[in-house]
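Just protein.txt here, compact mmCIF, C-alpha atoms:
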```txt
# COMPACT_ATOMS: atom_id res chain seq x y z
CA MET A 1 102.73 5.17 93.93
CA SER A 2 103.78 2.11 95.83
CA ASP A 3 107.41 2.81 94.95
CA THR A 4 107.47 6.17 96.69
CA THR A 5 109.77 6.03 99.69
CA PHE A 6 110.34 8.51 102.45
CA ALA A 7 114.07 7.78 102.70
CA PRO A 8 115.26 7.36 99.12
CA SER A 9 118.78 6.03 98.58
CA TYR A 10 121.01 8.37 96.61
CA GLY A 11 124.23 6.40 96.97
CA PRO A 12 126.09 5.08 93.92
CA VAL A 13 124.63 1.85 92.56
CA ALA A 14 127.02 -0.58 90.85
CA ILE A 15 126.18 -1.94 87.39
CA PRO A 16 125.85 -5.74 87.59
CA VAL A 17 128.70 -7.61 85.90
CA ARG A 18 126.36 -9.63 83.64
CA GLU A 19 125.04 -6.37 82.19
CA LEU A 20 128.55 -5.02 81.73
CA LEU A 21 130.34 -8.09 80.37
CA PRO A 22 129.08 -8.12 76.74
CA TRP A 23 129.99 -4.45 76.37
CA ALA A 24 133.38 -4.95 77.98
CA ILE A 25 134.22 -7.83 75.65
CA PHE A 26 132.98 -6.52 72.30
CA ALA A 27 133.54 -2.79 72.71
CA GLY A 28 136.77 -3.46 74.62
CA LEU A 29 138.16 -5.48 71.72
CA MET A 30 137.17 -2.87 69.13
CA LEU A 31 138.71 -0.05 71.17
CA MET A 32 141.94 -1.96 71.70
CA LEU A 33 142.07 -2.64 67.97
CA MET A 34 141.86 1.13 67.41
CA ILE A 35 144.83 1.64 69.73
CA TYR A 36 146.68 -1.19 68.00
CA PHE A 37 146.37 0.54 64.61
CA VAL A 38 147.66 3.83 65.98
CA GLY A 39 150.36 2.30 68.16
CA ALA A 40 151.72 -0.89 66.68
CA GLU A 41 150.43 -1.85 63.18
CA GLU A 42 153.26 -2.25 60.65
CA GLY A 43 155.81 -2.09 63.41
CA ALA A 44 156.40 -5.29 65.33
CA THR A 45 153.41 -6.98 63.67
CA SER A 46 151.52 -6.30 60.47
CA LEU A 47 147.93 -7.01 59.44
CA ILE A 48 148.07 -4.87 56.31
CA ARG A 49 150.95 -5.07 53.82
CA GLY A 50 153.25 -2.11 53.33
CA THR A 51 154.08 0.79 55.61
CA ALA A 52 151.34 3.30 54.75
CA VAL A 53 149.56 3.11 58.14
CA HIS A 54 152.87 3.33 60.00
CA GLU A 55 154.01 6.35 58.00
CA PHE A 56 150.66 8.13 58.27
CA VAL A 57 150.37 7.93 62.08
CA HIS A 58 154.17 8.13 62.51
CA ASP A 59 154.34 11.34 64.58
CA GLY A 60 151.41 10.37 66.77
CA ARG A 61 152.97 7.00 67.45
CA HIS A 62 156.26 8.57 68.60
CA LEU A 63 154.59 11.30 70.66
CA LEU A 64 152.10 8.94 72.32
CA GLY A 65 155.06 6.92 73.56
CA PHE A 66 154.82 3.74 71.48
CA PRO A 67 158.00 2.06 70.27
CA CYS A 68 158.50 2.99 66.61
CA HIS A 69 161.09 1.92 63.98
CA MET B 1 123.27 2.23 80.55
CA VAL B 2 126.70 0.89 79.61
CA GLY B 3 126.10 1.87 76.00
CA LYS B 4 125.26 5.43 77.02
CA LEU B 5 128.41 5.62 79.14
CA LEU B 6 130.49 4.18 76.30
CA LEU B 7 129.23 6.71 73.77
CA ARG B 8 129.83 9.60 76.17
CA GLY B 9 133.28 8.25 77.02
CA MET B 10 134.29 8.12 73.37
CA LEU B 11 132.98 11.65 72.76
CA VAL B 12 134.87 13.03 75.77
CA GLY B 13 137.93 11.13 74.51
CA LEU B 14 137.53 12.78 71.13
CA VAL B 15 137.47 16.23 72.75
CA ALA B 16 140.52 15.26 74.80
CA GLY B 17 142.16 14.13 71.54
CA ILE B 18 141.54 17.50 69.90
CA LEU B 19 143.16 19.34 72.82
CA ALA B 20 146.02 16.82 72.94
CA PHE B 21 146.56 17.32 69.21
CA ALA B 22 146.91 21.08 69.74
CA PHE B 23 149.37 20.42 72.57
CA ALA B 24 151.31 17.92 70.44
CA ARG B 25 151.41 20.32 67.54
CA VAL B 26 152.90 23.15 69.64
CA TYR B 27 155.20 21.24 72.01
CA GLY B 28 155.81 17.90 70.33
CA GLU B 29 156.31 18.58 66.63
CA PRO B 30 159.35 20.90 66.99
CA GLN B 31 161.16 18.07 68.78
CA VAL B 32 160.13 15.51 66.15
CA ASP B 33 161.46 17.84 63.45
CA LYS B 34 164.78 18.29 65.24
CA ALA B 35 165.12 14.53 65.68
CA ILE B 36 164.39 13.90 62.00
CA ALA B 37 166.94 16.58 61.02
CA PHE B 38 169.49 14.72 63.15
CA GLU B 39 168.53 11.41 61.54
CA GLU B 40 169.00 12.83 58.04
CA GLN B 41 172.29 14.42 58.97
CA GLN B 42 173.56 11.07 60.30
CA ALA B 43 172.44 9.27 57.15
CA GLN B 44 174.14 11.87 55.00
CA ALA B 45 177.37 11.65 56.98
CA ALA B 46 177.30 7.87 56.56
CA GLY B 47 176.89 8.36 52.81
CA GLU B 48 173.44 6.72 52.72
CA ALA B 49 170.86 7.79 50.18
CA PRO B 50 168.03 9.78 51.80
CA GLU B 51 164.96 7.67 52.64
CA PRO B 52 162.16 8.15 50.11
CA GLU B 53 159.26 10.05 51.66
CA MET B 54 156.12 7.93 51.37
CA VAL B 55 154.05 10.39 53.36
CA SER B 56 155.15 14.04 53.43
CA ARG B 57 156.27 15.60 56.70
CA ALA B 58 153.40 18.10 56.46
CA THR B 59 150.90 15.23 56.31
CA GLN B 60 152.58 13.35 59.15
CA ALA B 61 152.61 16.44 61.38
CA GLY B 62 149.11 17.54 60.36
CA ILE B 63 146.30 15.17 59.41
CA GLY B 64 148.38 12.11 60.30
CA LEU B 65 149.12 13.32 63.82
CA ALA B 66 145.51 14.45 64.25
CA THR B 67 144.19 11.05 63.14
CA GLY B 68 146.55 9.19 65.47
CA VAL B 69 145.80 11.31 68.53
CA LEU B 70 142.03 11.52 67.92
CA VAL B 71 141.61 7.79 67.35
CA TYR B 72 143.75 7.12 70.43
CA GLY B 73 141.74 9.66 72.45
CA ALA B 74 138.38 8.19 71.45
CA ALA B 75 139.59 4.66 72.22
CA LEU B 76 141.02 5.78 75.55
CA GLY B 77 137.74 7.50 76.44
CA GLY B 78 135.78 4.38 75.48
CA LEU B 79 137.97 2.00 77.50
CA PHE B 80 137.89 4.47 80.39
CA SER B 81 134.07 4.46 80.35
CA LEU B 82 134.04 0.63 80.53
CA VAL B 83 136.37 0.65 83.54
CA PHE B 84 134.22 3.37 85.08
CA ALA B 85 131.09 1.28 84.48
CA TYR B 86 132.67 -1.48 86.56
CA ALA B 87 134.25 0.71 89.25
CA TYR B 88 131.29 2.99 89.87
CA GLY B 89 129.50 1.96 93.04
CA ARG B 90 132.35 -0.41 93.88
CA LEU B 91 134.84 2.21 95.13
CA GLY B 92 133.32 3.11 98.47
CA SER B 93 130.74 5.86 98.28
CA LEU B 94 132.52 7.96 95.64
CA GLY B 95 130.12 9.73 93.28
CA PRO B 96 130.52 9.79 89.49
CA ARG B 97 132.87 12.79 89.37
CA GLY B 98 135.05 11.45 92.18
CA THR B 99 135.15 7.95 90.69
CA SER B 100 136.09 9.33 87.29
CA ALA B 101 138.82 11.62 88.66
CA LEU B 102 140.29 8.88 90.85
CA LEU B 103 140.27 6.34 88.00
CA ALA B 104 141.98 8.82 85.68
CA LEU B 105 144.67 9.53 88.26
CA LEU B 106 145.32 5.85 88.94
CA GLY B 107 145.09 5.03 85.22
CA PHE B 108 147.50 7.78 84.24
CA LEU B 109 149.98 6.49 86.82
CA ALA B 110 149.58 2.81 85.91
CA VAL B 111 149.29 3.05 82.13
CA ILE B 112 151.56 6.02 81.36
CA VAL B 113 153.84 7.32 84.11
CA VAL B 114 155.09 4.06 85.62
CA PRO B 115 155.71 2.20 82.33
CA SER B 116 157.43 5.27 80.88
CA LEU B 117 159.85 5.34 83.82
CA LYS B 118 161.12 2.00 82.49
CA TYR B 119 160.55 2.43 78.76
CA PRO B 120 160.24 6.15 77.97
CA ALA B 121 158.95 7.59 74.70
CA ASN B 122 161.60 7.99 72.02
CA PRO B 123 161.80 10.50 69.18
CA PRO B 124 162.67 9.46 65.61
CA ALA B 125 166.37 8.58 65.17
CA VAL B 126 166.31 6.79 68.54
CA GLY B 127 165.81 3.05 68.30
CA ASN B 128 167.23 0.25 66.25
CA PRO B 129 164.70 -1.04 63.67
CA GLU B 130 165.97 -4.59 64.24
CA THR B 131 164.82 -4.61 67.87
CA ILE B 132 161.31 -3.23 67.26
CA ALA B 133 159.56 -6.55 67.99
CA TYR B 134 161.51 -7.03 71.21
CA ARG B 135 160.92 -3.42 72.34
CA THR B 136 157.21 -3.53 71.52
CA GLU B 137 156.84 -6.77 73.49
CA LEU B 138 158.59 -5.35 76.56
CA PHE B 139 156.60 -2.12 76.30
CA PHE B 140 153.27 -3.93 76.45
CA ILE B 141 154.44 -6.38 79.11
CA MET B 142 155.46 -3.42 81.27
CA ILE B 143 152.04 -1.78 80.85
CA ALA B 144 150.18 -5.04 81.57
CA VAL B 145 152.21 -5.70 84.73
CA SER B 146 151.75 -2.11 85.87
CA ILE B 147 147.96 -2.25 85.39
CA ALA B 148 147.73 -5.61 87.18
CA THR B 149 149.78 -4.23 90.08
CA MET B 150 147.55 -1.16 90.30
CA VAL B 151 144.39 -3.29 90.36
CA ALA B 152 145.92 -5.44 93.10
CA ALA B 153 146.96 -2.34 95.06
CA VAL B 154 143.41 -0.92 94.90
CA GLY B 155 142.10 -4.29 96.09
CA LEU B 156 144.59 -4.25 98.95
CA ALA B 157 143.55 -0.74 99.95
CA GLN B 158 139.89 -1.79 100.04
CA ARG B 159 140.70 -4.83 102.15
CA LEU B 160 142.64 -2.74 104.69
CA TRP B 161 140.08 0.08 104.59
CA VAL B 162 138.09 -0.89 107.68
CA ARG B 163 141.05 -1.86 109.82
CA LEU B 164 143.44 1.02 108.99
CA GLY B 165 141.14 3.74 107.73
CA ALA B 166 141.14 5.17 104.19
CA TRP B 167 144.28 7.27 104.57
CA ASN B 168 146.60 4.63 106.00
CA ALA B 169 145.17 1.83 103.83
CA SER B 170 145.99 3.93 100.73
CA ILE B 171 149.52 4.57 101.96
CA VAL B 172 150.14 0.85 102.55
CA ALA B 173 148.72 0.00 99.11
CA GLY B 174 150.87 2.73 97.53
CA LEU B 175 154.00 1.34 99.18
CA ALA B 176 153.11 -2.17 98.02
CA PHE B 177 152.71 -0.85 94.48
CA LEU B 178 156.13 0.85 94.64
CA LEU B 179 157.78 -2.31 95.95
CA VAL B 180 156.39 -4.44 93.12
CA PHE B 181 157.36 -1.77 90.58
CA ALA B 182 160.93 -1.66 91.93
CA LEU B 183 161.20 -5.44 91.55
CA VAL B 184 159.72 -5.45 88.03
CA LYS B 185 161.93 -2.55 86.98
CA ALA B 186 164.99 -4.49 88.13
CA ALA B 187 163.83 -7.75 86.52
CA LEU B 188 163.00 -6.47 83.01
CA PRO B 189 165.92 -5.70 80.67
CA ASP B 190 166.96 -2.08 80.10
CA ILE B 191 166.79 -0.57 76.65
CA ASN B 192 168.96 2.35 75.65
CA GLU B 193 169.29 2.92 71.94
CA VAL B 194 169.93 6.67 72.02
CA PRO B 195 172.69 7.49 69.51
CA GLU B 196 175.93 8.69 71.12
CA ASN B 197 175.72 12.30 69.90
CA PHE B 198 171.95 12.80 70.03
CA SER B 199 170.98 16.10 71.71
CA ALA B 200 170.09 15.57 75.38
CA THR B 201 167.91 18.68 75.24
CA VAL B 202 165.83 17.39 72.33
CA LEU B 203 165.44 14.00 74.02
CA TRP B 204 164.33 15.58 77.32
CA GLN B 205 161.94 18.00 75.67
CA PHE B 206 160.48 15.28 73.48
CA ARG B 207 159.81 13.08 76.49
CA VAL B 208 158.29 15.92 78.51
CA ALA B 209 156.07 16.81 75.53
CA SER B 210 155.04 13.18 75.20
CA LEU B 211 154.11 12.99 78.88
CA GLY B 212 152.30 16.34 78.53
CA ILE B 213 150.14 14.98 75.69
CA GLN B 214 149.11 12.06 77.89
CA LEU B 215 148.48 14.40 80.82
CA VAL B 216 146.13 16.48 78.66
CA LEU B 217 144.31 13.34 77.49
CA TRP B 218 143.86 11.79 80.91
CA THR B 219 142.96 15.06 82.66
CA VAL B 220 140.26 15.93 80.14
CA VAL B 221 138.88 12.38 80.18
CA GLY B 222 138.99 12.13 83.99
CA LEU B 223 137.31 15.47 84.66
CA GLY B 224 135.09 15.57 81.58
CA PHE B 225 133.73 12.05 81.80
CA GLY B 226 132.70 12.45 85.45
CA ALA B 227 130.60 15.46 84.50
CA VAL B 228 128.79 13.76 81.59
CA ALA B 229 128.42 10.43 83.42
CA GLU B 230 126.68 12.12 86.32
CA ARG B 231 123.43 12.51 84.41
CA VAL B 232 123.50 8.92 83.16
CA VAL B 233 124.06 7.28 86.54
CA ALA B 234 121.86 9.72 88.49
CA VAL B 235 118.68 8.11 87.13
CA ARG B 236 119.68 4.70 88.41
CA ASP B 237 121.12 5.90 91.72
CA GLN B 238 117.87 7.61 92.70
CA ARG B 239 115.85 4.52 91.92
CA GLY B 240 118.07 2.37 94.07
CA PRO B 241 119.17 -1.20 93.39
CA ALA B 242 115.71 -2.73 93.81
CA ARG B 243 114.32 -0.72 90.87
CA ARG B 244 117.29 -1.39 88.63
CA TYR B 245 115.34 -2.78 85.70
CA ALA B 246 112.35 -0.52 86.00
```

Same coordinates, now as structure tokens:
Amino acid sequence: MSDTTFAPSYGPVAIPVRELLPWAIFAGLMLMLMIYFVGAEEGATSLIRGTAVHEFVHDGRHLLGFPCH
Amino acid sequence: MVGKLLLRGMLVGLVAGILAFAFARVYGEPQVDKAIAFEEQQAQAAGEAPEPEMVSRATQAGIGLATGVLVYGAALGGLFSLVFAYAYGRLGSLGPRGTSALLALLGFLAVIVVPSLKYPANPPAVGNPETIAYRTELFFIMIAVSIATMVAAVGLAQRLWVRLGAWNASIVAGLAFLLVFALVKAALPDINEVPENFSATVLWQFRVASLGIQLVLWTVVGLGFGAVAERVVAVRDQRGPARRYA
């Protein structure tokens, strides 16, 4: 039990950036893509042809505050 | 560690999305319906043929709205957890609940409230389809500038912390944020595409409902995530930095 201490530290410990970075990049991109599809696809820019995505999430897009039409 | 936080963040975001959907359904949809009724009335008066309905109103206001708000909520919760993963342990001695609540408050201000003071949410019938690209661009520029300013303001507060104390350092940083916002607000072009005879009441209630939906989302994420993150970070905190990889 060499790691037993009499004055253990209970303060918050930051996550090192090198551990965080891969998550931030890959998950961050995926999550922003999700927001893009709800908020902007088939509006100003279009990855998929037509207006089906736009029409389907139409009310959410307006109510979440994104520019629409 | 980060993966665990991310998963929990997305789940809390999903719960926030469900509650926000209920809120949107009760307070938002009536305003959307009134705006669409106005739009149709205008089109009829102008002698235009009614727009063909690709997706029925019931679908748009039901499963469509739910999908939009839930996907947005999960994504918000996920992004929030990533920001938390960076901020935790770097914002003074704030614990997980405090960090989460503070981040949600600052995030709600920077991502939603401040940008919407410049470019507020608009119901259907408001907005010229020809300017959508321009409006979308300005909308995202405003959010990006607002987030950058908030990050800088938090950095400023931390720098002044020792010299001025937490309270005064936060006030100075807040004033700096307001000053930058005032300049940006004046520099970016205004957009007002509200039709002349559109109901002011509907517009106001729509915008309040829209802000309310965001308030529900950010409150649930801010308070909920702190509670679920506590168990994840507790393990590491008790080990201390030296035993990080144990």

Which chain B residues are at most 6 Å from chain A (counting only C-alpha atoms), as a PyMOL selection string? chain B and resi 60+64-65+68-69+72+75+88-89+121+123+129+132-133+136+210+237-238+240

For Val15 of chain B, please output as a VMD selection string all residues within 12 Å (counting all atoms listed in the file; exclusion window: fewer than 5 positions along the same chain). chain B and resid 8 to 10 20 to 22 66 69 to 77 216 to 221 223 to 225

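Relative to atom CA of Tyr27 of chain B, atom CA of Glu51 of chain B is found at 25.6 Å.
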
Test item: residues at most 12 Å from Phe206 of chain B, only C-alpha atoms, excluding those fewer than 2 positions along its chain, as a PyMOL selection string: (chain A and resi 59+62-65) or (chain B and resi 24-35+120-124+126+199-204+208-213)

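A straight line drawn from atom CA of Thr149 of chain B to atom CA of Phe80 of chain B is 17.6 Å long.
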
Is it possible to get the axis-aligned box enclosing segment 57-76 of chain B (all listed atoms, 6 Å extra per side) as lines of an AutoDock Vina configuration file, with centre and edge lengths in Å rounded to one decimal?
```
center_x = 147.3
center_y = 11.4
center_z = 65.9
size_x = 29.9
size_y = 25.4
size_z = 31.2
```

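For the choices B:Leu79, B:Val184, B:Ile141, B:Ile63, the atom-to-atom distance to Val12 of chain B is smallest for B:Leu79 when using all atoms listed in the file.
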
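Relative to atom CA of Leu91 of chain B, atom CA of Leu156 of chain B is found at 12.3 Å.
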